[in-house]
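*Asks:* Here you go, start10.cif (mmCIF, C-alpha atoms):
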data_protein
loop_
_atom_site.label_atom_id
_atom_site.label_comp_id
_atom_site.auth_asym_id
_atom_site.auth_seq_id
_atom_site.Cartn_x
_atom_site.Cartn_y
_atom_site.Cartn_z
CA MET Z 1 18.07 22.17 -40.76
CA VAL Z 2 19.42 21.92 -44.30
CA VAL Z 3 15.90 22.08 -45.65
CA GLN Z 4 15.19 25.16 -43.60
CA GLU Z 5 18.25 26.95 -44.96
CA LYS Z 6 17.23 26.16 -48.50
CA VAL Z 7 13.78 27.56 -47.93
CA THR Z 8 15.10 30.77 -46.42
CA ALA Z 9 17.57 31.13 -49.25
CA THR Z 10 15.02 30.88 -52.04
CA ALA Z 11 12.07 32.77 -50.61
CA LYS Z 12 12.30 34.56 -47.30
CA PRO Z 13 8.97 34.28 -45.49
CA ALA Z 14 7.62 37.29 -43.68
CA THR Z 15 8.73 37.69 -40.06
CA GLY Z 16 5.17 37.17 -38.89
CA VAL Z 17 5.12 33.75 -40.53
CA VAL Z 18 8.44 32.83 -38.95
CA ILE Z 19 7.20 33.78 -35.49
CA LEU Z 20 3.99 31.84 -36.05
CA ARG Z 21 5.96 28.77 -37.16
CA LYS Z 22 8.14 28.96 -34.06
CA ALA Z 23 5.10 29.36 -31.82
CA VAL Z 24 3.39 26.36 -33.39
CA GLN Z 25 6.56 24.31 -33.03
CA ILE Z 26 7.01 25.19 -29.35
CA PHE Z 27 3.33 24.53 -28.67
CA GLY Z 28 3.61 21.13 -30.33
CA GLU Z 29 6.70 20.23 -28.36
CA LEU Z 30 4.96 21.23 -25.15
CA LEU Z 31 2.02 19.00 -26.01
CA ILE Z 32 4.32 16.07 -26.72
CA THR Z 33 6.09 16.76 -23.42
CA ALA Z 34 2.77 16.77 -21.56
CA GLY Z 35 1.88 13.44 -23.15
CA ILE Z 36 5.18 11.88 -22.13
CA VAL Z 37 4.84 13.26 -18.59
CA LEU Z 38 1.37 11.73 -18.28
CA LEU Z 39 2.63 8.36 -19.49
CA LEU Z 40 5.49 8.54 -17.01
CA PHE Z 41 3.00 9.42 -14.28
CA VAL Z 42 0.94 6.31 -15.03
CA ALA Z 43 4.10 4.19 -14.92
CA TRP Z 44 5.12 5.84 -11.68
CA GLN Z 45 1.78 5.27 -10.01
CA LEU Z 46 1.10 1.72 -11.16
CA TRP Z 47 4.62 0.39 -10.90
CA TRP Z 48 7.15 2.57 -9.10
CA THR Z 49 4.98 3.27 -6.02
CA ASN Z 50 4.78 -0.50 -5.52
CA VAL Z 51 8.54 -0.86 -5.67
CA GLU Z 52 8.97 1.95 -3.16
CA SER Z 53 6.29 0.75 -0.76
CA ASP Z 54 7.42 -2.87 -0.86
CA ALA Z 55 10.86 -1.81 0.31
CA LYS Z 56 9.46 0.38 3.09
CA GLN Z 57 7.04 -2.29 4.25
CA THR Z 58 9.72 -4.95 4.33
CA ALA Z 59 11.81 -2.63 6.48
CA ALA Z 60 8.85 -1.92 8.78
CA VAL Z 61 8.17 -5.65 9.23
CA LYS Z 62 11.81 -6.26 10.01
CA ASP Z 63 11.96 -3.40 12.52
CA PHE Z 64 8.88 -4.65 14.29
CA ALA Z 65 9.80 -8.32 14.26
CA ARG Z 66 13.28 -7.66 15.65
CA ASP Z 67 11.86 -6.52 19.00
CA LEU Z 68 9.43 -9.39 19.39
CA GLY Z 69 9.89 -12.01 22.04
CA GLY Z 70 8.88 -15.62 22.04
CA PRO Z 71 10.07 -18.58 20.04
CA VAL Z 72 9.75 -18.76 16.27
CA THR Z 73 9.17 -22.49 16.23
CA PRO Z 74 5.59 -23.71 16.58
CA GLY Z 75 4.20 -25.78 19.39
CA PRO Z 76 3.82 -25.14 23.10
CA THR Z 77 7.01 -24.40 24.95
CA PRO Z 78 7.80 -25.97 28.33
CA THR Z 79 6.82 -22.70 29.98
CA ALA Z 80 3.35 -22.79 28.48
CA THR Z 81 0.56 -23.79 30.81
CA GLY Z 82 0.02 -27.50 31.31
CA GLY Z 83 2.00 -30.36 29.86
CA THR Z 84 -0.48 -31.96 27.50
CA ALA Z 85 -0.04 -30.67 23.97
CA ALA Z 86 -3.38 -30.80 22.22
CA ALA Z 87 -3.66 -31.47 18.51
CA VAL Z 88 -6.43 -28.94 18.11
CA PRO Z 89 -5.64 -25.28 18.76
CA LYS Z 90 -5.03 -24.95 22.45
CA ASP Z 91 -7.31 -22.68 24.40
CA TYR Z 92 -5.33 -19.84 25.91
CA GLY Z 93 -8.40 -18.09 27.24
CA ALA Z 94 -9.61 -14.68 26.22
CA PRO Z 95 -7.17 -12.93 23.87
CA VAL Z 96 -4.94 -10.25 25.26
CA VAL Z 97 -5.82 -6.93 23.67
CA GLY Z 98 -2.95 -4.51 23.26
CA GLU Z 99 -2.91 -0.73 23.44
CA ALA Z 100 -3.05 1.18 20.18
CA PRO Z 101 0.25 2.89 19.37
CA GLY Z 102 0.40 6.51 18.26
CA HIS Z 103 -0.30 7.54 14.70
CA GLY Z 104 2.12 5.77 12.37
CA GLY Z 105 3.19 3.21 14.97
CA THR Z 106 3.28 -0.45 14.00
CA ILE Z 107 0.54 -2.56 15.58
CA GLY Z 108 1.64 -5.85 14.16
CA ILE Z 109 2.20 -8.01 11.14
CA ILE Z 110 -0.45 -9.65 9.01
CA TYR Z 111 0.06 -12.95 7.22
CA ILE Z 112 -2.45 -14.05 4.58
CA PRO Z 113 -1.38 -17.36 3.04
CA ARG Z 114 -4.04 -17.02 0.32
CA PHE Z 115 -2.14 -14.01 -1.03
CA GLY Z 116 1.06 -16.01 -1.38
CA GLU Z 117 3.44 -17.63 1.05
CA ASN Z 118 5.54 -14.48 1.19
CA TYR Z 119 2.65 -12.23 2.07
CA THR Z 120 3.92 -10.47 5.17
CA ARG Z 121 2.76 -6.89 5.67
CA PRO Z 122 2.81 -4.42 8.55
CA ILE Z 123 -0.36 -3.05 10.12
CA VAL Z 124 0.14 0.56 11.10
CA GLU Z 125 -2.01 2.89 13.19
CA GLY Z 126 -3.96 5.44 11.14
CA THR Z 127 -5.64 5.56 7.75
CA SER Z 128 -4.31 8.85 6.40
CA ALA Z 129 -2.40 8.96 3.13
CA ASP Z 130 1.02 9.04 4.80
CA VAL Z 131 0.34 5.65 6.39
CA LEU Z 132 -1.52 3.96 3.55
CA ASP Z 133 0.80 5.22 0.83
CA THR Z 134 3.96 3.91 2.35
CA LEU Z 135 3.24 1.35 5.02
CA GLY Z 136 0.39 -0.67 3.63
CA LEU Z 137 -2.42 -1.64 5.95
CA GLY Z 138 -3.72 1.14 8.15
CA HIS Z 139 -5.82 0.61 11.26
CA TYR Z 140 -8.93 2.77 11.62
CA GLY Z 141 -8.15 4.56 14.89
CA ASN Z 142 -11.73 4.51 16.15
CA THR Z 143 -12.10 0.73 15.86
CA ALA Z 144 -11.04 -2.12 18.13
CA MET Z 145 -7.57 -3.62 18.44
CA PRO Z 146 -6.71 -7.20 17.35
CA GLY Z 147 -8.44 -9.84 19.42
CA ALA Z 148 -10.93 -7.45 21.01
CA VAL Z 149 -14.65 -8.04 20.99
CA GLY Z 150 -15.92 -5.75 18.25
CA ASN Z 151 -14.39 -4.74 14.98
CA PHE Z 152 -10.67 -4.52 14.23
CA ALA Z 153 -10.77 -2.62 10.93
CA VAL Z 154 -7.92 -1.92 8.54
CA ALA Z 155 -7.67 -0.30 5.11
CA GLY Z 156 -5.22 -1.03 2.32
CA HIS Z 157 -4.62 -0.11 -1.30
CA ARG Z 158 -5.95 -2.38 -4.01
CA GLN Z 159 -3.53 -0.91 -6.54
CA THR Z 160 -0.42 1.28 -6.24
CA HIS Z 161 1.66 1.90 -3.13
CA GLY Z 162 2.32 -1.78 -2.50
CA ALA Z 163 -1.13 -2.97 -3.63
CA VAL Z 164 -1.46 -4.74 -0.29
CA LEU Z 165 -5.04 -5.90 -0.84
CA ASP Z 166 -4.89 -6.49 -4.58
CA ASN Z 167 -6.07 -10.09 -4.16
CA ILE Z 168 -8.77 -9.41 -1.59
CA HIS Z 169 -11.40 -10.84 -3.97
CA THR Z 170 -9.60 -14.21 -4.04
CA LEU Z 171 -10.26 -14.97 -0.35
CA VAL Z 172 -12.39 -18.05 0.14
CA PRO Z 173 -14.55 -18.55 3.26
CA GLY Z 174 -12.45 -20.51 5.74
CA ASP Z 175 -9.16 -18.90 4.70
CA LYS Z 176 -6.96 -18.11 7.66
CA ILE Z 177 -5.65 -14.63 8.28
CA TYR Z 178 -2.96 -14.30 10.93
CA VAL Z 179 -2.29 -11.13 12.87
CA GLN Z 180 0.86 -11.06 14.96
CA THR Z 181 1.30 -8.44 17.67
CA ARG Z 182 3.66 -8.07 20.59
CA ASP Z 183 1.25 -10.15 22.64
CA GLY Z 184 0.75 -13.09 20.33
CA TYR Z 185 -0.97 -14.50 17.30
CA TYR Z 186 -4.60 -13.88 16.43
CA VAL Z 187 -6.01 -16.35 13.93
CA TYR Z 188 -8.96 -15.00 11.99
CA VAL Z 189 -11.05 -16.97 9.53
CA PHE Z 190 -12.43 -15.23 6.48
CA ARG Z 191 -16.21 -15.20 6.44
CA ASN Z 192 -17.57 -13.07 3.60
CA ASN Z 193 -17.06 -9.95 1.58
CA ARG Z 194 -19.37 -7.20 0.50
CA ILE Z 195 -19.16 -4.45 -2.08
CA VAL Z 196 -20.53 -1.16 -0.82
CA LEU Z 197 -20.52 2.54 -1.62
CA PRO Z 198 -17.58 4.57 -0.31
CA THR Z 199 -19.88 6.41 2.08
CA GLU Z 200 -21.08 3.31 3.94
CA ALA Z 201 -19.00 3.79 7.06
CA ASP Z 202 -21.36 1.54 9.04
CA VAL Z 203 -19.29 -1.46 7.95
CA LEU Z 204 -16.75 -0.34 10.55
CA LEU Z 205 -19.17 -0.44 13.49
CA PRO Z 206 -18.51 -2.95 16.30
CA VAL Z 207 -21.40 -4.93 14.84
CA PRO Z 208 -21.24 -3.94 11.15
CA ASN Z 209 -24.31 -2.12 9.88
CA GLN Z 210 -26.07 -2.35 13.23
CA PRO Z 211 -25.53 0.90 15.10
CA GLY Z 212 -25.86 0.70 18.86
CA VAL Z 213 -25.80 -3.10 19.06
CA ARG Z 214 -23.43 -4.63 21.63
CA PRO Z 215 -20.80 -6.76 19.89
CA THR Z 216 -20.23 -10.37 20.86
CA GLU Z 217 -17.93 -11.44 18.01
CA ARG Z 218 -14.31 -10.56 17.46
CA LEU Z 219 -14.13 -9.32 13.88
CA LEU Z 220 -11.40 -8.33 11.47
CA THR Z 221 -12.61 -6.04 8.70
CA MET Z 222 -10.47 -5.15 5.70
CA THR Z 223 -11.49 -2.38 3.33
CA SER Z 224 -10.06 -1.64 -0.09
CA CYS Z 225 -11.17 -0.01 -3.28
CA ASN Z 226 -13.29 -1.67 -5.89
CA PRO Z 227 -13.13 -2.33 -8.81
CA ARG Z 228 -9.45 -3.15 -8.93
CA PHE Z 229 -8.51 -0.09 -10.97
CA GLY Z 230 -11.20 2.22 -9.69
CA SER Z 231 -12.69 3.61 -6.53
CA GLU Z 232 -16.38 3.89 -7.27
CA GLU Z 233 -17.03 1.27 -4.61
CA ARG Z 234 -15.34 -0.36 -1.65
CA ILE Z 235 -14.79 -4.05 -1.11
CA ILE Z 236 -15.16 -5.14 2.51
CA ALA Z 237 -13.82 -8.46 3.77
CA TYR Z 238 -15.04 -9.76 7.13
CA SER Z 239 -13.20 -12.35 9.16
CA VAL Z 240 -13.98 -13.77 12.59
CA LEU Z 241 -11.45 -14.63 15.30
CA ASP Z 242 -10.98 -18.37 15.54
CA HIS Z 243 -8.44 -18.55 18.33
CA TRP Z 244 -5.36 -16.85 19.60
CA GLN Z 245 -2.10 -17.94 21.15
CA PRO Z 246 0.39 -15.92 23.17
CA ALA Z 247 3.82 -15.10 21.77
CA SER Z 248 5.36 -17.58 24.21
CA ALA Z 249 3.50 -20.43 22.48
CA GLY Z 250 5.22 -19.74 19.18
CA PRO Z 251 3.62 -19.12 15.83
CA PRO Z 252 0.92 -21.31 14.26
CA ASP Z 253 2.34 -24.05 12.03
CA GLU Z 254 1.14 -22.55 8.76
CA ILE Z 255 3.06 -19.30 9.13
CA ALA Z 256 6.04 -20.50 11.19
CA ALA Z 257 8.44 -20.18 8.26
CA GLN Z 258 7.28 -16.66 7.49
CA VAL Z 259 7.50 -15.57 11.09
CA ALA Z 260 11.06 -16.84 11.25
CA ARG Z 261 11.88 -15.08 7.99
CA ALA Z 262 10.38 -11.81 9.23
CA ARG Z 263 12.59 -12.14 12.29
CA GLY Z 264 15.59 -12.72 10.07
CA GLU Z 265 16.11 -16.25 11.34
CA GLY Z 266 14.78 -18.24 8.45
CA MET B 1 12.44 24.31 -28.19
CA TYR B 2 14.46 21.21 -27.37
CA GLY B 3 16.49 21.73 -30.55
CA TRP B 4 17.19 25.28 -29.47
CA ILE B 5 18.35 24.10 -26.03
CA PHE B 6 20.57 21.45 -27.58
CA ARG B 7 22.16 23.93 -29.97
CA HIS B 8 22.91 26.34 -27.15
CA LEU B 9 24.58 23.81 -24.86
CA PRO B 10 28.31 24.46 -24.60
CA GLY B 11 31.07 22.09 -25.61
CA PRO B 12 31.55 19.45 -28.30
CA LEU B 13 28.82 17.07 -29.40
CA TRP B 14 29.62 14.30 -26.93
CA LEU B 15 29.52 16.76 -24.04
CA ARG B 16 26.21 18.19 -25.21
CA VAL B 17 24.72 14.69 -25.46
CA LEU B 18 25.98 13.97 -21.95
CA THR B 19 24.61 17.26 -20.60
CA SER B 20 21.19 16.65 -22.12
CA LEU B 21 21.09 13.16 -20.59
CA VAL B 22 21.85 14.69 -17.20
CA LEU B 23 19.12 17.29 -17.75
CA VAL B 24 16.60 14.58 -18.65
CA ALA B 25 17.58 12.58 -15.56
CA GLY B 26 17.19 15.69 -13.42
CA ALA B 27 13.75 16.40 -14.84
CA LEU B 28 12.74 12.79 -14.17
CA PHE B 29 13.94 13.02 -10.58
CA LEU B 30 11.99 16.23 -9.97
CA MET B 31 8.87 14.65 -11.43
CA VAL B 32 9.08 11.49 -9.31
CA GLU B 33 9.96 13.40 -6.16
CA PHE B 34 7.53 16.32 -6.37
CA LEU B 35 5.26 16.44 -9.41
CA PHE B 36 3.86 12.89 -9.36
CA PRO B 37 3.05 12.73 -5.64
CA TRP B 38 1.24 16.03 -6.07
CA MET B 39 -0.59 14.79 -9.15
CA SER B 40 -1.68 11.59 -7.42
CA GLN B 41 -4.16 13.49 -5.26
CA PHE B 42 -6.24 14.04 -8.39
CA THR B 43 -6.48 10.36 -9.29
CA GLN B 44 -9.24 8.55 -7.52
CA PHE B 45 -8.44 4.88 -7.67
CA THR B 46 -6.05 4.89 -4.73
CA ASP B 47 -8.64 5.76 -2.10
CA SER B 48 -9.24 2.61 -0.11
CA THR B 49 -10.79 3.97 3.07
CA ILE B 50 -14.44 4.15 3.83
CA GLY B 51 -16.58 6.85 5.38
CA ALA B 52 -14.67 9.91 6.50
CA PRO B 53 -11.01 9.20 5.68
CA LYS B 54 -9.89 12.35 7.48
CA ASN B 55 -10.78 10.80 10.84
CA PRO B 56 -7.77 9.54 12.81
#
Taking this structure as input, can you express it in the form of structure tokens?

*Replies:*
Amino acid sequence: MVVQEKVTATAKPATGVVILRKAVQIFGELLITAGIVLLLFVAWQLWWTNVESDAKQTAAVKDFARDLGGPVTPGPTPTATGGTAAAVPKDYGAPVVGEAPGHGGTIGIIYIPRFGENYTRPIVEGTSADVLDTLGLGHYGNTAMPGAVGNFAVAGHRQTHGAVLDNIHTLVPGDKIYVQTRDGYYVYVFRNNRIVLPTEADVLLPVPNQPGVRPTERLLTMTSCNPRFGSEERIIAYSVLDHWQPASAGPPDEIAAQVARARGEG
Amino acid sequence: MYGWIFRHLPGPLWLRVLTSLVLVAGALFLMVEFLFPWMSQFTQFTDSTIGAPKNP
């Protein structure tokens, strides 16, 4: 400011020059502002959306878990069929398949120990942005429900908005994936993943990539974007149902602590 | 531009500093609430669905 006064005192520039200087200054400040806004946007998308979504997803899990029945301790309860507790997963017959809730309704909770022992996320009906951006895993409405013969398919963000499937590439064949619904626990075992183009919707078919074939397996398909910070491709993770157990039988051993925590009893 | 705004804020220096902090906070809030969610539709790396994502 002092410098400016000195300049104007010694040699007054023409008004045109003054206006031009002002215009250049304002333009420069606007450019700097735009740069800062873009940086803030990157921070918002890569960091803040995760903070927001994590809070909303934790709340959704809690809301859903509160209404669930059944014990939170593993092992067959006295009311379960038969008295002999088997060491291997007990056969409870064909899995019960629930009804799909309306758009935005919570189907269940997914536990993936490979993603960390605190990995507890809701599965919500629908794959539109309002579901995926806040609630994490979204169920493709035109695919099967958990436990059904066919393809139970869900989508989730690789980055931003909770980054629910950030570690999808770390799954190893044999990894267990647990889906808990009102009816019980569905234990899926990871089989393989594929990287495909975003247009390859056939991965969601009852028998993936085989239109018109009658399904015999009970699949869980997870889709997310690939590479981790891009969306040129999609990464698809297939898992097959290993067994299921009703809510009355309690949770499987591996996730018992998490189930109790989700219920607020741990 | 920002210098001009700062010079035209009323009150003593400490009040003007305080006012500008509030203005910055307000701008930040508006960006997070409205501008950034709108901008995010133009970034591509958040699309995790396959096929026709508009389907229910």

*Asks:* Could the residues of chain Z within 7 Å of chain B, counting only C-alpha atoms, be given as a list in words, please?

*Replies:* Ile26, Phe41, Gly126, Thr127, Ser128, Tyr140, Gly141, Ala155, Gly156, His157, Gln159, Thr160, Pro198, Thr199, Glu200, Ala201, Thr223, Ser224, Cys225, Phe229, Gly230, Ser231 and Arg234 of chain Z

*Asks:* On this file, the PyMOL selection byres ((chain Z and resi 238) around 6) gives some set of residues; write that set as a PyMOL selection string.

*Replies:* chain Z and resi 191-193+220-221+237+239

*Asks:* Please enclose the listed atoms of segment 41-60 of chain Z in an axis-aligned box, pad each side by 8 Å, and write out the centre and the three edge lengths in Å, rounded to one decimal, as lines of an AutoDock Vina configuration file.

*Replies:*
center_x = 6.4
center_y = 2.2
center_z = -3.1
size_x = 26.9
size_y = 30.4
size_z = 39.8

*Asks:* Point out the residue among B:Ala27, B:Thr19, B:Leu13, B:His8 with the least atom-to-atom distance to Thr33 of chain Z, counting only C-alpha atoms.

*Replies:*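 Answer, going by the shortest atom-to-atom distance: B:Ala27.
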
*Asks:* Have a look at atom CA of Ile177 of chain Z and atom CA of Glu254 of chain Z and let me know their distance in Å, one decimal.

*Replies:* 10.4 Å

*Asks:* What is the distance between atom CA of Gln45 of chain Z and atom CA of Gln57 of chain Z, in Å to one decimal?

*Replies:*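 Answer for the atom CA of Gln45 of chain Z to atom CA of Gln57 of chain Z separation: 17.0 Å.
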
*Asks:* Rounded to one decimal in Å, what is the spacing between atom CA of Thr216 of chain Z and atom CA of Gly150 of chain Z?

*Replies:* 6.8 Å

*Asks:* Report the residues retrieved by the PyMOL selection byres ((chain Z and resi 219) around 10) from the displayed file, expressed as a PyMOL selection string.

*Replies:* chain Z and resi 144-153+188-191+204+206-208+215-218+220-222+238-242

*Asks:* So, with only C-alpha atoms as the atoms that count, which of Z:Leu197, Z:Ile36, Z:Ala257, Z:Leu135 lies closest to Thr58 of chain Z?

*Replies:* Z:Leu135

*Asks:* Which residue out of Z:Thr170, Z:Thr181, Z:Thr73, Z:Thr134 has the minimum interatomic distance to Ile107 of chain Z when only C-alpha atoms are used?

*Replies:*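 Answer, going by the shortest atom-to-atom distance: Z:Thr181.
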